[in-house]
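Student: What follows is the file my_file-v3.cif, containing mmCIF, C-alpha atoms:
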```
data_my_file
#
loop_
_atom_site.label_atom_id
_atom_site.label_comp_id
_atom_site.auth_asym_id
_atom_site.auth_seq_id
_atom_site.Cartn_x
_atom_site.Cartn_y
_atom_site.Cartn_z
CA MET A 912 141.54 185.05 133.95
CA SER A 913 144.92 183.63 134.65
CA THR A 914 144.20 183.55 138.36
CA ALA A 915 141.06 181.46 137.89
CA ARG A 916 143.02 178.41 136.84
CA GLU A 917 145.32 178.70 139.80
CA ALA A 918 142.69 179.47 142.37
CA GLY A 919 141.16 176.03 142.90
CA ARG A 920 138.39 175.72 145.44
CA PRO A 921 138.34 178.44 148.11
CA GLY A 922 138.52 175.99 151.03
CA GLU A 923 141.46 174.24 149.47
CA GLU A 924 143.31 177.49 148.91
CA ALA A 925 142.78 178.57 152.51
CA ILE A 926 144.14 175.25 153.74
CA LEU A 927 147.24 175.42 151.55
CA LYS A 928 147.90 178.99 152.64
CA ALA A 929 147.50 178.03 156.28
CA ALA A 930 149.76 175.01 155.81
CA ILE A 931 152.53 177.16 154.36
CA ALA A 932 152.32 179.55 157.30
CA VAL A 933 152.29 176.88 160.00
CA MET A 934 154.94 174.66 158.40
CA ALA A 935 157.21 177.65 157.81
CA GLU A 936 157.20 178.14 161.57
CA HIS A 937 157.26 174.59 162.87
CA GLY A 938 158.32 172.40 159.96
CA TYR A 939 156.33 169.57 158.42
CA HIS A 940 156.94 167.16 161.28
CA GLY A 941 156.20 169.81 163.89
CA THR A 942 152.83 170.56 162.31
CA SER A 943 149.63 168.57 162.83
CA VAL A 944 146.49 168.41 160.70
CA ARG A 945 144.75 170.15 163.59
CA ASP A 946 147.29 173.02 163.49
CA ILE A 947 146.65 173.56 159.79
CA ALA A 948 142.88 173.39 160.18
CA GLU A 949 142.94 175.83 163.09
CA ARG A 950 145.05 178.31 161.18
CA ALA A 951 142.63 178.03 158.25
CA GLY A 952 139.66 178.51 160.56
CA LEU A 953 138.30 175.05 159.78
CA SER A 954 137.61 171.86 161.68
CA PRO A 955 139.95 168.91 161.01
CA ALA A 956 136.92 167.14 159.49
CA ALA A 957 136.47 169.98 157.01
CA MET A 958 140.12 169.70 156.14
CA TYR A 959 139.82 165.99 155.45
CA TYR A 960 137.08 166.85 152.95
CA HIS A 961 139.77 168.49 150.81
CA PHE A 962 142.89 166.49 151.62
CA THR A 963 143.40 162.90 152.69
CA SER A 964 146.36 163.67 154.97
CA LYS A 965 149.06 166.13 155.94
CA GLN A 966 151.24 164.39 153.36
CA ASP A 967 148.59 165.12 150.73
CA VAL A 968 148.73 168.82 151.64
CA LEU A 969 152.52 168.90 151.33
CA ALA A 970 152.45 166.97 148.05
CA THR A 971 149.87 169.38 146.61
CA LEU A 972 151.94 172.38 147.63
CA MET A 973 155.13 170.97 146.17
CA GLU A 974 153.54 169.79 142.93
CA ARG A 975 151.74 173.06 142.29
CA GLY A 976 154.91 174.98 142.96
CA ILE A 977 157.14 173.13 140.55
CA GLU A 978 154.42 173.00 137.88
CA ARG A 979 153.90 176.74 138.03
CA LEU A 980 157.62 177.35 137.87
CA LEU A 981 158.00 175.08 134.82
CA THR A 982 155.02 176.68 133.09
CA ARG A 983 156.29 180.20 133.69
CA THR A 984 159.81 179.34 132.62
CA ARG A 985 158.62 177.77 129.36
CA ALA A 986 156.33 180.74 128.71
CA ALA A 987 159.24 183.13 129.28
CA LEU A 988 161.37 181.18 126.80
CA ALA A 989 158.58 181.21 124.24
CA GLU A 990 158.46 185.00 124.46
CA ALA A 991 162.15 185.75 124.81
CA GLY A 992 163.23 185.69 121.18
CA ASP A 993 166.44 184.09 119.94
CA ALA A 994 169.29 186.00 121.56
CA PRO A 995 170.94 183.79 124.20
CA GLU A 996 171.47 186.74 126.58
CA ASP A 997 167.76 187.56 126.41
CA ARG A 998 166.77 183.94 126.92
CA LEU A 999 169.01 183.53 129.96
CA SER A 1000 167.86 186.86 131.39
CA ALA A 1001 164.22 185.85 130.90
CA ILE A 1002 164.50 182.60 132.82
CA VAL A 1003 166.64 184.16 135.55
CA GLU A 1004 163.85 186.71 136.00
CA VAL A 1005 161.26 183.96 136.38
CA GLN A 1006 163.44 181.96 138.77
CA VAL A 1007 164.11 184.98 141.00
CA LEU A 1008 160.59 186.43 140.96
CA PHE A 1009 158.97 183.07 141.59
CA HIS A 1010 161.08 182.58 144.70
CA LEU A 1011 160.43 186.14 145.89
CA GLU A 1012 156.69 186.11 145.34
CA SER A 1013 156.12 183.20 147.66
CA GLN A 1014 159.20 183.04 149.86
CA ALA A 1015 157.63 180.93 152.59
CA ALA A 1016 156.19 178.41 150.13
CA THR A 1017 159.38 178.03 148.13
CA LEU A 1018 161.55 177.77 151.23
CA LEU A 1019 159.24 174.98 152.31
CA GLY A 1020 159.84 173.32 148.96
CA THR A 1021 163.54 173.30 149.74
CA THR A 1022 163.51 172.40 153.42
CA GLU A 1023 160.71 169.82 153.36
CA LEU A 1024 161.59 167.87 150.24
CA ARG A 1025 162.85 165.12 152.55
CA ALA A 1026 159.39 164.98 154.17
CA LEU A 1027 157.76 164.15 150.85
CA GLU A 1028 157.28 160.41 150.62
CA GLU A 1029 158.13 158.18 147.67
CA PRO A 1030 157.16 157.92 144.88
CA LEU A 1031 156.20 161.59 145.06
CA ARG A 1032 159.66 162.71 146.08
CA GLY A 1033 161.19 161.06 143.04
CA LYS A 1034 158.58 162.61 140.77
CA HIS A 1035 159.23 166.02 142.27
CA LYS A 1036 162.97 165.67 141.81
CA ALA A 1037 162.43 164.69 138.16
CA LYS A 1038 160.47 167.89 137.62
CA ARG A 1039 163.18 169.94 139.27
CA LEU A 1040 165.60 168.32 136.87
CA GLN A 1041 163.38 169.41 133.95
CA GLN A 1042 163.63 172.95 135.25
CA GLN A 1043 167.41 172.64 135.50
CA ARG A 1044 167.55 171.29 131.93
CA LEU A 1045 165.85 174.46 130.64
CA PHE A 1046 168.80 176.44 132.01
CA ASP A 1047 171.29 173.91 130.65
CA GLN A 1048 169.76 174.22 127.17
CA VAL A 1049 169.78 178.00 127.08
CA ILE A 1050 173.44 178.05 128.08
CA GLU A 1051 174.38 175.32 125.62
CA GLU A 1052 172.64 177.22 122.83
CA GLY A 1053 174.53 180.37 123.81
CA ILE A 1054 177.82 178.48 123.65
CA ALA A 1055 176.92 176.92 120.30
CA GLN A 1056 176.27 180.42 118.97
CA GLY A 1057 179.56 181.69 120.36
CA VAL A 1058 177.81 184.18 122.62
CA PHE A 1059 178.61 182.47 125.92
CA THR A 1060 182.21 181.47 126.52
CA THR A 1061 182.21 179.60 129.80
CA SER A 1062 184.06 176.30 129.86
CA LEU A 1063 181.70 175.10 132.60
CA PRO A 1064 178.19 175.27 131.13
CA GLN A 1065 176.53 172.64 133.33
CA GLU A 1066 178.15 173.89 136.51
CA ALA A 1067 177.25 177.48 135.66
CA ALA A 1068 173.66 176.42 134.94
CA ARG A 1069 173.32 174.67 138.28
CA ALA A 1070 175.00 177.48 140.19
CA ILE A 1071 172.69 180.03 138.56
CA VAL A 1072 169.61 178.06 139.58
CA VAL A 1073 170.91 177.65 143.15
CA MET A 1074 171.76 181.34 143.37
CA CYS A 1075 168.34 182.45 142.06
CA THR A 1076 166.47 179.95 144.22
CA GLY A 1077 168.47 181.16 147.21
CA VAL A 1078 166.87 184.61 147.17
CA ALA A 1079 163.96 183.11 149.11
CA GLY A 1080 166.38 182.59 151.99
CA TRP A 1081 167.61 186.15 152.39
CA PHE A 1082 165.38 188.67 150.62
CA SER A 1083 163.46 191.09 152.81
CA PRO A 1084 160.86 193.51 151.46
CA ARG A 1085 162.26 195.92 154.05
CA GLY A 1086 165.81 195.54 152.71
CA LYS A 1087 167.60 198.01 150.50
CA LEU A 1088 166.96 196.17 147.23
CA SER A 1089 163.63 195.99 145.43
CA ARG A 1090 162.55 192.77 143.74
CA GLU A 1091 163.20 194.41 140.39
CA GLN A 1092 166.74 195.33 141.40
CA VAL A 1093 167.45 191.81 142.55
CA VAL A 1094 166.25 190.53 139.18
CA ARG A 1095 168.51 192.91 137.26
CA HIS A 1096 171.51 192.14 139.45
CA TYR A 1097 171.04 188.40 139.08
CA GLN A 1098 170.64 188.71 135.33
CA ARG A 1099 174.00 190.49 135.27
CA LEU A 1100 175.64 187.90 137.55
CA ALA A 1101 174.26 185.05 135.45
CA LEU A 1102 175.62 186.60 132.25
CA ASP A 1103 179.00 186.97 133.94
CA MET A 1104 178.88 183.32 135.01
CA VAL A 1105 178.41 182.10 131.46
CA GLY A 1106 181.03 184.44 130.07
CA ALA A 1107 178.64 186.53 128.03
CA GLY A 1108 179.93 189.44 126.03
CA PRO A 1109 183.68 188.76 125.72
CA GLY A 1110 183.61 190.20 122.21
CA ASP A 1111 182.20 193.58 123.17
CA GLY A 1112 185.33 194.91 124.80
CA GLY A 1113 183.96 194.32 128.24
CA ALA A 1114 180.94 196.57 127.67
CA GLY A 1115 178.78 193.66 128.80
CA ARG A 1116 180.11 193.98 132.31
CA GLY A 1117 178.14 196.31 134.50
CA ARG A 1118 175.48 196.75 131.83
CA VAL A 1119 172.78 196.94 134.47
CA ARG A 1120 174.18 199.97 136.17
CA GLY A 1121 175.95 201.18 133.10
CA ARG A 1122 177.98 204.18 134.11
CA ARG A 1123 180.85 203.13 136.35
CA SER A 1124 183.18 205.82 137.66
CA MET B 1452 196.61 167.71 167.49
CA SER B 1453 194.07 169.83 165.71
CA THR B 1454 191.45 167.14 166.09
CA ALA B 1455 191.79 167.10 169.87
CA ARG B 1456 190.21 170.50 170.25
CA GLU B 1457 187.31 169.58 168.02
CA ALA B 1458 186.71 166.16 169.42
CA GLY B 1459 185.07 166.99 172.75
CA ARG B 1460 184.02 164.13 174.97
CA PRO B 1461 183.39 160.85 173.16
CA GLY B 1462 179.81 160.53 174.40
CA GLU B 1463 179.06 164.04 173.29
CA GLU B 1464 180.47 163.39 169.83
CA ALA B 1465 178.42 160.23 169.42
CA ILE B 1466 175.26 162.11 170.39
CA LEU B 1467 175.91 164.94 167.96
CA LYS B 1468 176.64 162.48 165.16
CA ALA B 1469 173.46 160.57 165.94
CA ALA B 1470 171.46 163.81 166.09
CA ILE B 1471 172.67 164.84 162.62
CA ALA B 1472 171.67 161.47 161.19
CA VAL B 1473 168.22 161.34 162.78
CA MET B 1474 167.36 165.00 162.17
CA ALA B 1475 168.49 164.76 158.54
CA GLU B 1476 165.81 162.09 158.11
CA HIS B 1477 162.98 163.41 160.23
CA GLY B 1478 163.73 167.07 160.88
CA TYR B 1479 164.23 168.70 164.27
CA HIS B 1480 160.56 168.65 165.19
CA GLY B 1481 160.15 165.07 164.00
CA THR B 1482 163.01 163.91 166.23
CA SER B 1483 162.79 163.14 169.95
CA VAL B 1484 165.51 162.98 172.58
CA ARG B 1485 164.80 159.26 172.73
CA ASP B 1486 165.39 158.90 168.97
CA ILE B 1487 168.78 160.57 169.27
CA ALA B 1488 169.78 158.54 172.31
CA GLU B 1489 168.74 155.30 170.61
CA ARG B 1490 170.71 156.09 167.49
CA ALA B 1491 173.74 156.88 169.66
CA GLY B 1492 173.28 153.63 171.59
CA LEU B 1493 172.65 155.48 174.85
CA SER B 1494 169.81 155.82 177.32
CA PRO B 1495 167.95 159.16 177.36
CA ALA B 1496 169.36 159.64 180.88
CA ALA B 1497 172.90 159.29 179.55
CA MET B 1498 172.09 161.86 176.91
CA TYR B 1499 170.84 164.32 179.50
CA TYR B 1500 174.22 163.99 181.19
CA HIS B 1501 175.73 165.73 178.15
CA PHE B 1502 172.94 167.99 176.93
CA THR B 1503 170.10 169.70 178.75
CA SER B 1504 167.62 169.32 175.87
CA LYS B 1505 167.10 168.61 172.18
CA GLN B 1506 167.42 172.36 171.66
CA ASP B 1507 170.81 172.25 173.37
CA VAL B 1508 171.93 169.56 170.92
CA LEU B 1509 170.81 171.63 167.92
CA ALA B 1510 172.41 174.79 169.31
CA THR B 1511 175.70 172.96 169.87
CA LEU B 1512 175.67 171.59 166.33
CA MET B 1513 174.90 174.95 164.78
CA GLU B 1514 177.41 176.88 166.88
CA ARG B 1515 180.25 174.44 166.26
CA GLY B 1516 179.52 174.48 162.56
CA ILE B 1517 179.63 178.22 162.07
CA GLU B 1518 182.65 178.59 164.38
CA ARG B 1519 184.63 176.02 162.43
CA LEU B 1520 183.68 177.65 159.15
CA LEU B 1521 184.76 181.09 160.39
CA THR B 1522 188.03 179.72 161.77
CA ARG B 1523 188.88 177.89 158.57
CA THR B 1524 187.96 180.86 156.40
CA ARG B 1525 190.14 183.22 158.44
CA ALA B 1526 193.00 180.73 158.38
CA ALA B 1527 192.69 180.43 154.60
CA LEU B 1528 192.85 184.21 154.25
CA ALA B 1529 195.89 184.39 156.51
CA GLU B 1530 197.69 181.95 154.22
CA ALA B 1531 196.43 183.15 150.86
CA GLY B 1532 198.80 186.01 150.19
CA ASP B 1533 197.78 189.36 148.75
CA ALA B 1534 196.43 188.66 145.26
CA PRO B 1535 192.64 189.15 145.27
CA GLU B 1536 192.09 186.18 142.91
CA ASP B 1537 194.02 183.92 145.30
CA ARG B 1538 192.15 185.23 148.31
CA LEU B 1539 188.75 184.71 146.72
CA SER B 1540 189.75 181.26 145.47
CA ALA B 1541 190.96 180.33 148.95
CA ILE B 1542 187.71 181.19 150.70
CA VAL B 1543 185.60 179.63 147.95
CA GLU B 1544 187.57 176.42 148.50
CA VAL B 1545 186.84 176.51 152.23
CA GLN B 1546 183.16 177.29 151.71
CA VAL B 1547 182.71 174.45 149.20
CA LEU B 1548 184.78 171.82 151.04
CA PHE B 1549 183.19 172.62 154.38
CA HIS B 1550 179.74 172.01 152.91
CA LEU B 1551 180.86 168.84 151.15
CA GLU B 1552 182.66 167.30 154.12
CA SER B 1553 179.59 167.27 156.30
CA GLN B 1554 176.66 167.55 153.91
CA ALA B 1555 174.05 166.30 156.36
CA ALA B 1556 175.21 168.60 159.15
CA THR B 1557 175.41 171.70 156.99
CA LEU B 1558 172.04 171.01 155.34
CA LEU B 1559 170.65 170.81 158.85
CA GLY B 1560 172.19 174.19 159.55
CA THR B 1561 170.20 175.59 156.64
CA THR B 1562 166.90 173.80 157.09
CA GLU B 1563 166.66 173.94 160.88
CA LEU B 1564 167.78 177.51 161.54
CA ARG B 1565 164.12 178.31 162.19
CA ALA B 1566 164.06 175.64 164.92
CA LEU B 1567 166.83 177.39 166.84
CA GLU B 1568 165.28 179.50 169.56
CA GLU B 1569 166.14 183.08 170.41
CA PRO B 1570 168.53 184.52 171.43
CA LEU B 1571 170.62 181.73 169.88
CA ARG B 1572 169.12 182.18 166.44
CA GLY B 1573 170.05 185.84 166.37
CA LYS B 1574 173.57 185.04 167.54
CA HIS B 1575 173.91 182.40 164.84
CA LYS B 1576 172.71 184.79 162.15
CA ALA B 1577 175.23 187.39 163.33
CA LYS B 1578 178.02 184.84 162.87
CA ARG B 1579 176.77 183.97 159.40
CA LEU B 1580 176.92 187.66 158.63
CA GLN B 1581 180.56 187.72 159.80
CA GLN B 1582 181.26 184.93 157.32
CA GLN B 1583 179.51 186.87 154.58
CA ARG B 1584 181.55 189.97 155.44
CA LEU B 1585 184.79 188.06 154.83
CA PHE B 1586 183.64 187.51 151.24
CA ASP B 1587 182.49 191.12 150.94
CA GLN B 1588 185.90 192.35 152.08
CA VAL B 1589 187.89 190.17 149.68
CA ILE B 1590 185.79 191.36 146.77
CA GLU B 1591 185.96 195.00 147.84
CA GLU B 1592 189.75 194.74 148.11
CA GLY B 1593 189.88 193.23 144.63
CA ILE B 1594 187.84 196.10 143.25
CA ALA B 1595 189.97 198.68 145.06
CA GLN B 1596 193.03 197.11 143.41
CA GLY B 1597 191.37 197.15 140.01
CA VAL B 1598 191.53 193.37 139.72
CA PHE B 1599 187.79 192.72 140.06
CA THR B 1600 185.49 194.75 137.87
CA THR B 1601 181.98 193.81 138.92
CA SER B 1602 179.59 196.67 139.53
CA LEU B 1603 177.73 194.47 142.02
CA PRO B 1604 180.25 193.51 144.71
CA GLN B 1605 177.82 192.86 147.54
CA GLU B 1606 175.38 190.94 145.38
CA ALA B 1607 178.20 188.88 143.86
CA ALA B 1608 179.53 188.15 147.36
CA ARG B 1609 176.18 186.92 148.59
CA ALA B 1610 175.50 184.92 145.44
CA ILE B 1611 178.92 183.26 145.70
CA VAL B 1612 178.26 182.22 149.30
CA VAL B 1613 174.80 180.89 148.42
CA MET B 1614 176.18 179.00 145.43
CA CYS B 1615 179.04 177.43 147.44
CA THR B 1616 176.77 176.60 150.39
CA GLY B 1617 174.32 175.02 147.95
CA VAL B 1618 176.70 172.19 147.04
CA ALA B 1619 175.51 170.40 150.18
CA GLY B 1620 172.11 170.11 148.52
CA TRP B 1621 173.16 168.39 145.29
CA PHE B 1622 176.64 166.88 145.54
CA SER B 1623 176.88 163.13 145.43
CA PRO B 1624 180.12 161.18 145.99
CA ARG B 1625 178.80 158.86 143.28
CA GLY B 1626 178.30 161.73 140.82
CA LYS B 1627 180.63 162.55 137.95
CA LEU B 1628 182.47 165.37 139.72
CA SER B 1629 185.03 164.92 142.50
CA ARG B 1630 185.11 167.33 145.42
CA GLU B 1631 188.31 168.79 144.03
CA GLN B 1632 186.68 169.40 140.64
CA VAL B 1633 183.72 171.12 142.26
CA VAL B 1634 186.15 173.38 144.12
CA ARG B 1635 188.02 174.32 140.93
CA HIS B 1636 184.81 174.94 139.00
CA TYR B 1637 183.36 177.14 141.73
CA GLN B 1638 186.59 179.09 142.00
CA ARG B 1639 186.30 179.78 138.26
CA LEU B 1640 182.61 180.72 138.52
CA ALA B 1641 183.30 183.02 141.47
CA LEU B 1642 186.08 184.80 139.56
CA ASP B 1643 183.70 185.23 136.62
CA MET B 1644 181.06 186.65 138.97
CA VAL B 1645 183.37 189.37 140.24
CA GLY B 1646 184.66 190.17 136.79
CA ALA B 1647 188.21 189.01 137.41
CA GLY B 1648 190.77 189.15 134.67
CA PRO B 1649 189.35 191.71 132.19
CA GLY B 1650 192.85 192.96 131.51
CA ASP B 1651 194.31 189.59 130.52
CA GLY B 1652 192.63 189.41 127.15
CA GLY B 1653 190.13 186.90 128.39
CA ALA B 1654 192.80 184.39 129.38
CA GLY B 1655 191.20 184.27 132.79
CA ARG B 1656 188.11 182.62 131.36
CA GLY B 1657 188.25 178.88 131.24
CA ARG B 1658 191.53 178.84 133.12
CA VAL B 1659 190.52 175.69 134.97
CA ARG B 1660 190.15 173.57 131.88
CA GLY B 1661 192.48 175.67 129.84
CA ARG B 1662 192.43 174.30 126.32
CA ARG B 1663 189.07 174.97 124.72
CA SER B 1664 188.38 173.69 121.19
#
```
If you took the structure in this file and wrote it as structure tokens, what would it be?
Tutor:
Amino acid sequence: MSTAREAGRPGEEAILKAAIAVMAEHGYHGTSVRDIAERAGLSPAAMYYHFTSKQDVLATLMERGIERLLTRTRAALAEAGDAPEDRLSAIVEVQVLFHLESQAATLLGTTELRALEEPLRGKHKAKRLQQQRLFDQVIEEGIAQGVFTTSLPQEAARAIVVMCTGVAGWFSPRGKLSREQVVRHYQRLALDMVGAGPGDGGAGRGRVRGRRS
Amino acid sequence: MSTAREAGRPGEEAILKAAIAVMAEHGYHGTSVRDIAERAGLSPAAMYYHFTSKQDVLATLMERGIERLLTRTRAALAEAGDAPEDRLSAIVEVQVLFHLESQAATLLGTTELRALEEPLRGKHKAKRLQQQRLFDQVIEEGIAQGVFTTSLPQEAARAIVVMCTGVAGWFSPRGKLSREQVVRHYQRLALDMVGAGPGDGGAGRGRVRGRRS
């Protein structure tokens, strides 16, 4: 059921998918409406039935992406319980998996933000800031509860988001790490970055792999 | 004296500077040789005196960038002494400052890597890997000496590079943090990520700001 809401009209989906593939290769400015239509197996006229312009395609891709990320992050927080470590781990998982599930699309979101025209670019940036604020809040709550000890909560929050978003730039399904391993490693790194677990005699460190030497 | 080597011929420098500015706005594929020449105040013919093509301009920008970064990182390591914390802090400083000094150029290096044609792209990636290996080595040395305790040295090394490189995407000279503050914060975050200072009773945490509450 959950896919139905995201699916949209079939023609539209095929165009967006084609646009991601072509723009990932040639960039927004190196891609024409005709290129996208051809990749989708449609005529340019058929494409204009769904989208008013190449800019409209990009805007739709970017808006859907950030909306899905926000929705998933909020859902993860709603399910994560109260422990700050669990809440941070939950949103790190979403941030990493989201950027691994659709690497080409999310990389496009990073590299082609400048190609998005105003006022859409400003709106998109505001939504990214909302996403960042969710991380800020979780870390601030952890500090208020004495569970996180970093003296740099905002900087840690931003660095964690950048680090998790960055997986889209290097992850390879043929590499030595599975998606699940990347998630667990980044949860551990994020907890280290906020100074989680100073009161447990250092047991917090290396929790993912557990047995060290 | 050190600037002489980097300066190149004046016309060449003006073209590269113009190319960074124009490509930052319109992307590699959205930029023509004529656009670059115009921004540099030259005729296209004058530009072809210095570069064979737009691709040649991009390749020169990318190669100079990674070479300078490697040179500065190695120099920082040569001067940093033996303590793993100092060595990691030194290369974090280089990585952050390099990406803050020329934000537009380094962002271009990230967003337009796909526009670099083979075999240059492969060569560029190999040099990026050399840079990554310098971080890997510093962290591995720190672990071997018992100073760093992370169970995820390679992942921490990559995440630190991604985080430091990412400053080019968000830093603003009009923001609340100075470049120097960003450097100090990221040094602290990097040390947290490798689990530095577990034997100092937690004094390592928050060292940058020191007095907490």
Student: For the contact check between chain A and chain B, emit one row per residue of chain A within 6 Å, containing the shortest atom pair and the distance in Å rounded to one decimal, counting all atoms listed in the file, chain then rising number order, as JSON lines.
Tutor:
```
{"residue": "A:His940", "atom": "CA", "partner": "B:Gly1481", "partner_atom": "CA", "distance": 4.7}
{"residue": "A:Gly941", "atom": "CA", "partner": "B:His1480", "partner_atom": "CA", "distance": 4.7}
{"residue": "A:Thr1022", "atom": "CA", "partner": "B:Thr1562", "partner_atom": "CA", "distance": 5.2}
{"residue": "A:Ser1062", "atom": "CA", "partner": "B:Gly1657", "partner_atom": "CA", "distance": 5.1}
{"residue": "A:Ala1070", "atom": "CA", "partner": "B:Met1614", "partner_atom": "CA", "distance": 5.6}
{"residue": "A:Val1073", "atom": "CA", "partner": "B:Met1614", "partner_atom": "CA", "distance": 5.9}
{"residue": "A:Met1074", "atom": "CA", "partner": "B:Met1614", "partner_atom": "CA", "distance": 5.4}
{"residue": "A:Leu1100", "atom": "CA", "partner": "B:Met1644", "partner_atom": "CA", "distance": 5.7}
{"residue": "A:Asp1103", "atom": "CA", "partner": "B:Met1644", "partner_atom": "CA", "distance": 5.4}
{"residue": "A:Met1104", "atom": "CA", "partner": "B:Asp1643", "partner_atom": "CA", "distance": 5.4}
{"residue": "A:Gly1117", "atom": "CA", "partner": "B:Ser1602", "partner_atom": "CA", "distance": 5.2}
```
Student: Would you translate the PyMOL selection byres ((chain B and resi 1510-1519) around 10) into the concrete set of residues it matches in this file, as a compact mmCIF listing (two decimals) with C-alpha atoms, in the coordinates of the input?
Tutor:
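Here's the written file part.txt:
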```txt
# COMPACT_ATOMS: atom_id res chain seq x y z
CA GLU B 1457 187.31 169.58 168.02
CA LEU B 1467 175.91 164.94 167.96
CA LYS B 1468 176.64 162.48 165.16
CA ALA B 1470 171.46 163.81 166.09
CA ILE B 1471 172.67 164.84 162.62
CA PHE B 1502 172.94 167.99 176.93
CA SER B 1504 167.62 169.32 175.87
CA LYS B 1505 167.10 168.61 172.18
CA GLN B 1506 167.42 172.36 171.66
CA ASP B 1507 170.81 172.25 173.37
CA VAL B 1508 171.93 169.56 170.92
CA LEU B 1509 170.81 171.63 167.92
CA LEU B 1520 183.68 177.65 159.15
CA LEU B 1521 184.76 181.09 160.39
CA THR B 1522 188.03 179.72 161.77
CA ARG B 1523 188.88 177.89 158.57
CA THR B 1524 187.96 180.86 156.40
CA ARG B 1525 190.14 183.22 158.44
CA PHE B 1549 183.19 172.62 154.38
CA HIS B 1550 179.74 172.01 152.91
CA SER B 1553 179.59 167.27 156.30
CA ALA B 1556 175.21 168.60 159.15
CA THR B 1557 175.41 171.70 156.99
CA LEU B 1559 170.65 170.81 158.85
CA GLY B 1560 172.19 174.19 159.55
CA THR B 1561 170.20 175.59 156.64
CA GLU B 1563 166.66 173.94 160.88
CA LEU B 1564 167.78 177.51 161.54
CA ALA B 1566 164.06 175.64 164.92
CA LEU B 1567 166.83 177.39 166.84
CA GLU B 1568 165.28 179.50 169.56
CA LEU B 1571 170.62 181.73 169.88
CA ARG B 1572 169.12 182.18 166.44
CA LYS B 1574 173.57 185.04 167.54
CA HIS B 1575 173.91 182.40 164.84
CA LYS B 1576 172.71 184.79 162.15
CA LYS B 1578 178.02 184.84 162.87
CA ARG B 1579 176.77 183.97 159.40
CA GLN B 1581 180.56 187.72 159.80
CA GLN B 1582 181.26 184.93 157.32
```
Student: Using all atoms listed in the file, which residue out of B:Arg1635, B:Arg1538, B:Lys1627, B:Arg1584 lies closest to Phe1599 (chain B)?
Tutor: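 Distance minimum relative to Phe1599 (chain B) lands on B:Arg1538.
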Student: Just the number, please: distance in Å from CA of Ala987 (chain A) to CA of Leu999 (chain A), one decimal.
Tutor: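 According to the coordinates, CA of Ala987 (chain A) and CA of Leu999 (chain A) are separated by 9.8 Å.
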Student: Hey, what's within 9 Å of Ala1488 (chain B) if we count only C-alpha atoms and toss same-chain stuff fewer than 3 positions away? As a PDB file with C-alpha atoms, keeping the file's coordinate frame, please?
Tutor:
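What landed in selection-v3.pdb:
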```pdb
ATOM      1  CA  ILE B1466     175.260 162.110 170.390  1.00  0.00           C
ATOM      2  CA  ALA B1469     173.460 160.570 165.940  1.00  0.00           C
ATOM      3  CA  ALA B1470     171.460 163.810 166.090  1.00  0.00           C
ATOM      4  CA  SER B1483     162.790 163.140 169.950  1.00  0.00           C
ATOM      5  CA  VAL B1484     165.510 162.980 172.580  1.00  0.00           C
ATOM      6  CA  ARG B1485     164.800 159.260 172.730  1.00  0.00           C
ATOM      7  CA  ALA B1491     173.740 156.880 169.660  1.00  0.00           C
ATOM      8  CA  GLY B1492     173.280 153.630 171.590  1.00  0.00           C
ATOM      9  CA  LEU B1493     172.650 155.480 174.850  1.00  0.00           C
ATOM     10  CA  SER B1494     169.810 155.820 177.320  1.00  0.00           C
ATOM     11  CA  PRO B1495     167.950 159.160 177.360  1.00  0.00           C
ATOM     12  CA  ALA B1496     169.360 159.640 180.880  1.00  0.00           C
ATOM     13  CA  ALA B1497     172.900 159.290 179.550  1.00  0.00           C
ATOM     14  CA  MET B1498     172.090 161.860 176.910  1.00  0.00           C
TER      15      MET B1498
END
```
Student: Of the candidates B:Val1547, B:Arg1625, B:Gln1632, B:Gln1583, which one gets nearest to Gln1605 (chain B) if we count only C-alpha atoms?
Tutor: B:Gln1583
Student: Can you tell me how far CA of Asp946 (chain A) sits from CA of Glu1569 (chain B), in Å to one decimal?
Tutor: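 That distance, rounded to one decimal, is 22.5 Å.
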Student: Could you tell me how far CA of Val1005 (chain A) sits from CA of Ala1608 (chain B), in Å to one decimal place?
Tutor: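 Going from CA of Ala1608 (chain B) over to CA of Val1005 (chain A), I get 21.7 Å.
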Student: Pick the closest to Val1058 (chain A) from A:Ala1079, A:Glu996, A:Ala986, A:Tyr960: which is it, counting all atoms listed in the file?
Tutor: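 Of all the options, A:Glu996 lies closest to Val1058 (chain A).
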